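Asks: Quick one: the structure is below, and I'll ask about it shortly.
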Amino acid sequence: MNAASRDELLEKLSNRGANIGVIGLGYVGLPLLLRFVEAGYMATGFDIDSSKIENLKAGQSYLKHIPIDVLSKNEQWDVTTDFSRASEVDAIILCVPTPLDDYRQPDLSYVTNSVESVLPYMHKGQVMSLESTTYPGTTEEELRPRLEQAGFKIGEDVFLVYSPEREDPGNANFNTQTIPKVCSGSTDNCREVARVLYGRVVDEVVPVSSTQVAEMTKILENTYRAVNIALVNELKMVADKMDIDIFEVIRAAATKPFGYTPFYPGPGLGGHCIPIDPFYLTWKAREYGVATRFIELAGQINTSMPNYVVSKVTEALNSHGKSVKGSKVLVLGIAYKKNIDDTRESPGAEIIAELLELGADVAYSDPHVPKFPPMRKHQISLTSTDLSSESISRFNCVLVVTAHDAFPWDDIVTNASLIVDSRGVLEPSGKIFHA
């Protein structure tokens, strides 16, 4: 065993003499990079998107929840598109996307391409940590063979780690430092390196027995949410037929001090995790001959919600003597949850696309997203509409998709002729319908 490589790396990590490399400077990677800098480490950020690198070098933030003053340049950190500089770092942390392809199968190309990009420049005494959410077995089946084929001995020459990200943009109660960090490694030595790597930057490290357990932990967390949200989405449709306000039901049920956790229905799932991660597990389960029917049903319910919301808009317009075709519809919010600028997998995009297909004249307003961004499935050329009493009154229907605190709710209620609320933020009335 090459104890020298391990001991030297552990010493660097322990005394903050290590240079930490983070690949992928998005909603996970950038906060993690800055946290290592804050904790006293040298850090190098890598990204294939040159515009991100240019913004960061200029001290400009492209993420709303990362303030500009945090990005003031100093000699402690640098960012680059040059992956050959992986030779300069002691830790390589992968924070890249793991989307689904058109057939709902895992797309690991961002992970494998990142590994292949840095592999020629790796050397003994480095640790590689994968944070991207993926199916159990990815670290051992995809990363380990690549490192071994390059001639490295895992746990002796280099150290392989999995530690799932747990970022929650827009949540002021938790940040990178305060969220407990689950981690493990391919060997006992790798797990010890993981514990020290993250133990200097987060308040609580939670080591587990294997990388597969760590990978499964993140899948469980997000599947738990997906299934429970699907349940209340289905109950919302049932309650609607019974003329029962599901949001009032949930508020009442939440008064029970035990045995119940409130989940809330909505227009569909968004973000990079909950709409995607459960399908990683269902795909992997098929390899073992297991049908994850419960999870797949939850996915079907959640992905059907944008269509359900559009049907409620149709009903509401019909009740006011109008058809969808030709009606002016204002969609409030295209970020996937309130008070952030993240539009990944946002149900708002699917809703707008369906309304446009039905012939509606659609506009949107989102104080956090001034221009509709390019998306995987939809390319929509719209910019955010400024809200005023006059602009609100011009629309036949206002559809609440994301309930940002910044919206002028009193003005909206007063001036809109018809409101369809998919978030339950407004009390139903003659012109306010829940969806």
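Residue names in the structure tokens use chain letters A, B, ... in the order shown, residue numbers from 1 in each chain, and ligand numbers from 1 in the order shown.
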Would you mind writing down, as a PyMOL selection string, each residue of region 22-205 of chain A that DSSP on the backbone assigns to helix (DSSP H, G or I)?
Replies: chain A and resi 29-38+50-57+68-71+83-88+109-121+138-149+188-199
Asks: For region 241-246 of chain A, find every residue with an atom within 12 Å (counting only C-alpha atoms), except residues of its own chain fewer than 4 positions away, and show them as number ranges by chain.
Replies: A: 231-237, 250-253, 262-266, 312, 421-429, 433-435
Asks: Mind checking which residues fall within 9 Å of Val401 (chain A), counting only C-alpha atoms, ignoring those fewer than 2 positions away in the same chain, and posting them as a CSV table (one decimal) with N, CA and C atoms, in the first residue's frame?
Replies:
```csv
chain,number,residue,atom,x,y,z
A,266,GLY,N,-49.0,20.9,-6.9
A,266,GLY,CA,-48.6,22.0,-7.7
A,266,GLY,C,-48.8,21.7,-9.2
A,267,PRO,N,-48.2,22.5,-10.1
A,267,PRO,CA,-48.4,22.4,-11.5
A,267,PRO,C,-47.5,21.3,-12.1
A,331,VAL,N,-48.9,34.0,-17.6
A,331,VAL,CA,-48.3,33.0,-16.7
A,331,VAL,C,-47.4,33.7,-15.6
A,332,LEU,N,-47.7,33.5,-14.4
A,332,LEU,CA,-46.9,34.1,-13.3
A,332,LEU,C,-45.9,33.1,-12.8
A,333,GLY,N,-44.6,33.3,-13.2
A,333,GLY,CA,-43.5,32.5,-12.7
A,333,GLY,C,-43.2,31.4,-13.6
A,334,ILE,N,-41.9,31.3,-14.0
A,334,ILE,CA,-41.4,30.2,-14.8
A,334,ILE,C,-40.2,29.5,-14.1
A,335,ALA,N,-39.7,30.0,-13.0
A,335,ALA,CA,-38.8,29.3,-12.2
A,335,ALA,C,-39.5,28.1,-11.6
A,336,TYR,N,-38.8,27.1,-11.3
A,336,TYR,CA,-39.5,25.9,-10.8
A,336,TYR,C,-40.0,26.0,-9.4
A,337,LYS,N,-39.4,26.9,-8.6
A,337,LYS,CA,-40.0,27.2,-7.3
A,337,LYS,C,-39.8,28.6,-6.9
A,347,PRO,N,-42.2,23.2,-14.8
A,347,PRO,CA,-43.4,22.9,-15.4
A,347,PRO,C,-44.0,24.1,-16.1
A,348,GLY,N,-43.6,25.3,-15.8
A,348,GLY,CA,-44.0,26.5,-16.5
A,348,GLY,C,-43.8,26.5,-18.0
A,351,ILE,N,-46.3,24.1,-19.6
A,351,ILE,CA,-47.6,24.8,-19.6
A,351,ILE,C,-47.7,25.8,-20.7
A,399,LEU,N,-52.5,33.0,-14.7
A,399,LEU,CA,-52.2,31.7,-14.2
A,399,LEU,C,-51.0,31.7,-13.3
A,403,ALA,N,-45.2,31.0,-7.2
A,403,ALA,CA,-45.7,32.0,-6.3
A,403,ALA,C,-44.6,32.8,-5.7
A,420,VAL,N,-56.3,31.6,-12.3
A,420,VAL,CA,-56.2,30.2,-12.0
A,420,VAL,C,-54.9,30.0,-11.2
A,421,ASP,N,-55.1,29.5,-10.0
A,421,ASP,CA,-54.0,29.4,-9.0
A,421,ASP,C,-53.6,27.9,-8.8
A,422,SER,N,-52.4,27.5,-9.3
A,422,SER,CA,-52.0,26.1,-9.2
A,422,SER,C,-51.2,25.9,-7.9
A,423,ARG,N,-51.0,27.0,-7.1
A,423,ARG,CA,-50.2,26.9,-5.9
A,423,ARG,C,-50.9,27.1,-4.6
```
Asks: Residues of region 152-261 of chain A that approach region 115-135 of chain A to 9 Å or less, counting only C-alpha atoms: could you list each one with the shortest pair of atoms and its distance in Å to one decimal, rows by chain and increasing residue number, as CSV?
Replies:
```
residue,atom,partner,partner_atom,distance
A:Phe152,CA,A:Lys124,CA,7.5
A:Glu156,CA,A:Gly125,CA,8.2
A:Asp157,CA,A:Lys124,CA,4.8
A:Val158,CA,A:Gln126,CA,5.2
A:Phe159,CA,A:Val127,CA,4.5
A:Leu160,CA,A:Met128,CA,5.1
A:Val161,CA,A:Ser129,CA,4.4
A:Tyr162,CA,A:Leu130,CA,4.9
A:Ser163,CA,A:Glu131,CA,5.1
A:Pro164,CA,A:Glu131,CA,4.5
A:Glu165,CA,A:Glu131,CA,5.3
A:Gly185,CA,A:Ser129,CA,8.6
A:Cys190,CA,A:Val127,CA,8.0
A:Val193,CA,A:Val127,CA,7.6
A:Ala194,CA,A:Ser129,CA,7.9
A:Leu197,CA,A:Val127,CA,8.9
A:Gln212,CA,A:Tyr135,CA,8.3
A:Glu215,CA,A:Tyr135,CA,6.3
A:Met216,CA,A:Tyr135,CA,6.9
A:Lys218,CA,A:Thr133,CA,6.8
A:Ile219,CA,A:Tyr135,CA,7.3
```
Asks: Please save N, CA and C atoms of the selected residues as a PDB file, in the first residue's frame.
Replies:
```
ATOM      1  N   PHE A 152      -3.939   3.587 -12.211  1.00  0.00           N
ATOM      2  CA  PHE A 152      -3.992   3.962 -10.802  1.00  0.00           C
ATOM      3  C   PHE A 152      -4.538   2.812  -9.955  1.00  0.00           C
ATOM      4  N   GLU A 156      -4.835   3.528  -2.993  1.00  0.00           N
ATOM      5  CA  GLU A 156      -3.393   3.577  -2.758  1.00  0.00           C
ATOM      6  C   GLU A 156      -2.768   4.765  -3.499  1.00  0.00           C
ATOM      7  N   ASP A 157      -2.952   4.785  -4.827  1.00  0.00           N
ATOM      8  CA  ASP A 157      -2.405   5.890  -5.624  1.00  0.00           C
ATOM      9  C   ASP A 157      -3.357   7.085  -5.633  1.00  0.00           C
ATOM     10  N   VAL A 158      -4.621   6.815  -5.949  1.00  0.00           N
ATOM     11  CA  VAL A 158      -5.655   7.849  -5.962  1.00  0.00           C
ATOM     12  C   VAL A 158      -6.847   7.335  -5.158  1.00  0.00           C
ATOM     13  N   PHE A 159      -7.728   8.262  -4.822  1.00  0.00           N
ATOM     14  CA  PHE A 159      -8.810   7.938  -3.896  1.00  0.00           C
ATOM     15  C   PHE A 159     -10.132   8.353  -4.536  1.00  0.00           C
ATOM     16  N   LEU A 160     -11.073   7.414  -4.535  1.00  0.00           N
ATOM     17  CA  LEU A 160     -12.340   7.605  -5.238  1.00  0.00           C
ATOM     18  C   LEU A 160     -13.482   7.690  -4.232  1.00  0.00           C
ATOM     19  N   VAL A 161     -14.284   8.740  -4.377  1.00  0.00           N
ATOM     20  CA  VAL A 161     -15.291   9.095  -3.372  1.00  0.00           C
ATOM     21  C   VAL A 161     -16.619   9.387  -4.065  1.00  0.00           C
ATOM     22  N   TYR A 162     -17.721   9.075  -3.368  1.00  0.00           N
ATOM     23  CA  TYR A 162     -19.034   9.576  -3.785  1.00  0.00           C
ATOM     24  C   TYR A 162     -19.679  10.301  -2.612  1.00  0.00           C
ATOM     25  N   SER A 163     -20.172  11.526  -2.880  1.00  0.00           N
ATOM     26  CA  SER A 163     -20.845  12.314  -1.849  1.00  0.00           C
ATOM     27  C   SER A 163     -21.942  13.131  -2.514  1.00  0.00           C
ATOM     28  N   PRO A 164     -23.201  12.742  -2.371  1.00  0.00           N
ATOM     29  CA  PRO A 164     -24.280  13.400  -3.107  1.00  0.00           C
ATOM     30  C   PRO A 164     -24.497  14.840  -2.672  1.00  0.00           C
ATOM     31  N   GLU A 165     -24.701  15.695  -3.664  1.00  0.00           N
ATOM     32  CA  GLU A 165     -24.994  17.099  -3.349  1.00  0.00           C
ATOM     33  C   GLU A 165     -26.354  17.212  -2.674  1.00  0.00           C
ATOM     34  N   GLY A 185     -16.419   5.943   0.168  1.00  0.00           N
ATOM     35  CA  GLY A 185     -15.345   5.762  -0.779  1.00  0.00           C
ATOM     36  C   GLY A 185     -15.273   4.331  -1.266  1.00  0.00           C
ATOM     37  N   CYS A 190     -10.240   5.432   0.970  1.00  0.00           N
ATOM     38  CA  CYS A 190     -11.001   6.437   0.225  1.00  0.00           C
ATOM     39  C   CYS A 190     -12.053   7.094   1.116  1.00  0.00           C
ATOM     40  N   VAL A 193     -10.419   9.580   3.389  1.00  0.00           N
ATOM     41  CA  VAL A 193     -10.102  10.805   2.654  1.00  0.00           C
ATOM     42  C   VAL A 193     -11.366  11.646   2.463  1.00  0.00           C
ATOM     43  N   ALA A 194     -12.484  10.997   2.142  1.00  0.00           N
ATOM     44  CA  ALA A 194     -13.749  11.720   1.982  1.00  0.00           C
ATOM     45  C   ALA A 194     -14.145  12.423   3.265  1.00  0.00           C
ATOM     46  N   LEU A 197     -11.832  15.417   3.638  1.00  0.00           N
ATOM     47  CA  LEU A 197     -12.090  16.403   2.585  1.00  0.00           C
ATOM     48  C   LEU A 197     -13.279  17.282   2.929  1.00  0.00           C
ATOM     49  N   GLN A 212     -22.232   2.781  -3.045  1.00  0.00           N
ATOM     50  CA  GLN A 212     -23.595   2.422  -3.453  1.00  0.00           C
ATOM     51  C   GLN A 212     -24.624   2.899  -2.433  1.00  0.00           C
ATOM     52  N   GLU A 215     -24.976   6.629  -2.910  1.00  0.00           N
ATOM     53  CA  GLU A 215     -25.747   6.917  -4.117  1.00  0.00           C
ATOM     54  C   GLU A 215     -27.232   6.644  -3.893  1.00  0.00           C
ATOM     55  N   MET A 216     -27.532   5.549  -3.221  1.00  0.00           N
ATOM     56  CA  MET A 216     -28.921   5.185  -2.961  1.00  0.00           C
ATOM     57  C   MET A 216     -29.575   6.168  -1.986  1.00  0.00           C
ATOM     58  N   LYS A 218     -29.233   9.431  -1.808  1.00  0.00           N
ATOM     59  CA  LYS A 218     -29.763  10.594  -2.522  1.00  0.00           C
ATOM     60  C   LYS A 218     -30.992  10.219  -3.339  1.00  0.00           C
ATOM     61  N   ILE A 219     -30.970   9.044  -3.952  1.00  0.00           N
ATOM     62  CA  ILE A 219     -32.135   8.592  -4.712  1.00  0.00           C
ATOM     63  C   ILE A 219     -33.349   8.452  -3.791  1.00  0.00           C
TER      64      ILE A 219
END
```
Asks: Just the number, please: distance in Å from CA of Ser391 (chain A) to CA of Gly268 (chain A), one decimal.
Replies: 26.8 Å
Asks: Just checking: using only C-alpha atoms, which residue out of A:Leu32, A:Leu418, A:Leu100, A:Ile23 ends up closest to Val201 (chain A)?
Replies: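 Closest to Val201 (chain A) of all the choices is A:Leu32.
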Asks: Tell me which of A:Leu9, A:Ile295, A:Val227, A:Val238 sits closest to Gly155 (chain A), counting only C-alpha atoms.
Replies: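 Comparing A:Leu9, A:Ile295, A:Val227, A:Val238 against Gly155 (chain A), the winner is A:Leu9.
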Asks: Nearest residue to Asp277 (chain A) out of A:Val37, A:Leu220, A:Val79, A:Leu317, using only C-alpha atoms?
Replies: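 Among the listed residues, the smallest separation from Asp277 (chain A) belongs to A:Leu220.
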Asks: With only C-alpha atoms as the counted atoms, please give the residues lying no more than 7 Å from Gly59 (chain A), apart from itself and same-chain residues fewer than 2 positions off, as number ranges by chain.
Replies: A: 55-57, 61, 68, 71-73
Asks: Suppose we keep C-alpha atoms; can you now write the selection as a PDB file, in the first residue's frame?
Replies:
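New file part.pdb:
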```pdb
ATOM      1  CA  ASN A  55     -18.466  36.339 -15.586  1.00  0.00           C
ATOM      2  CA  LEU A  56     -16.651  34.905 -12.582  1.00  0.00           C
ATOM      3  CA  LYS A  57     -13.339  36.477 -13.577  1.00  0.00           C
ATOM      4  CA  SER A  61     -22.733  36.402 -10.502  1.00  0.00           C
ATOM      5  CA  ILE A  68     -21.791  39.624  -6.393  1.00  0.00           C
ATOM      6  CA  LEU A  71     -17.220  36.822  -6.028  1.00  0.00           C
ATOM      7  CA  SER A  72     -14.640  39.541  -5.404  1.00  0.00           C
ATOM      8  CA  LYS A  73     -11.454  38.193  -6.958  1.00  0.00           C
TER       9      LYS A  73
END
```
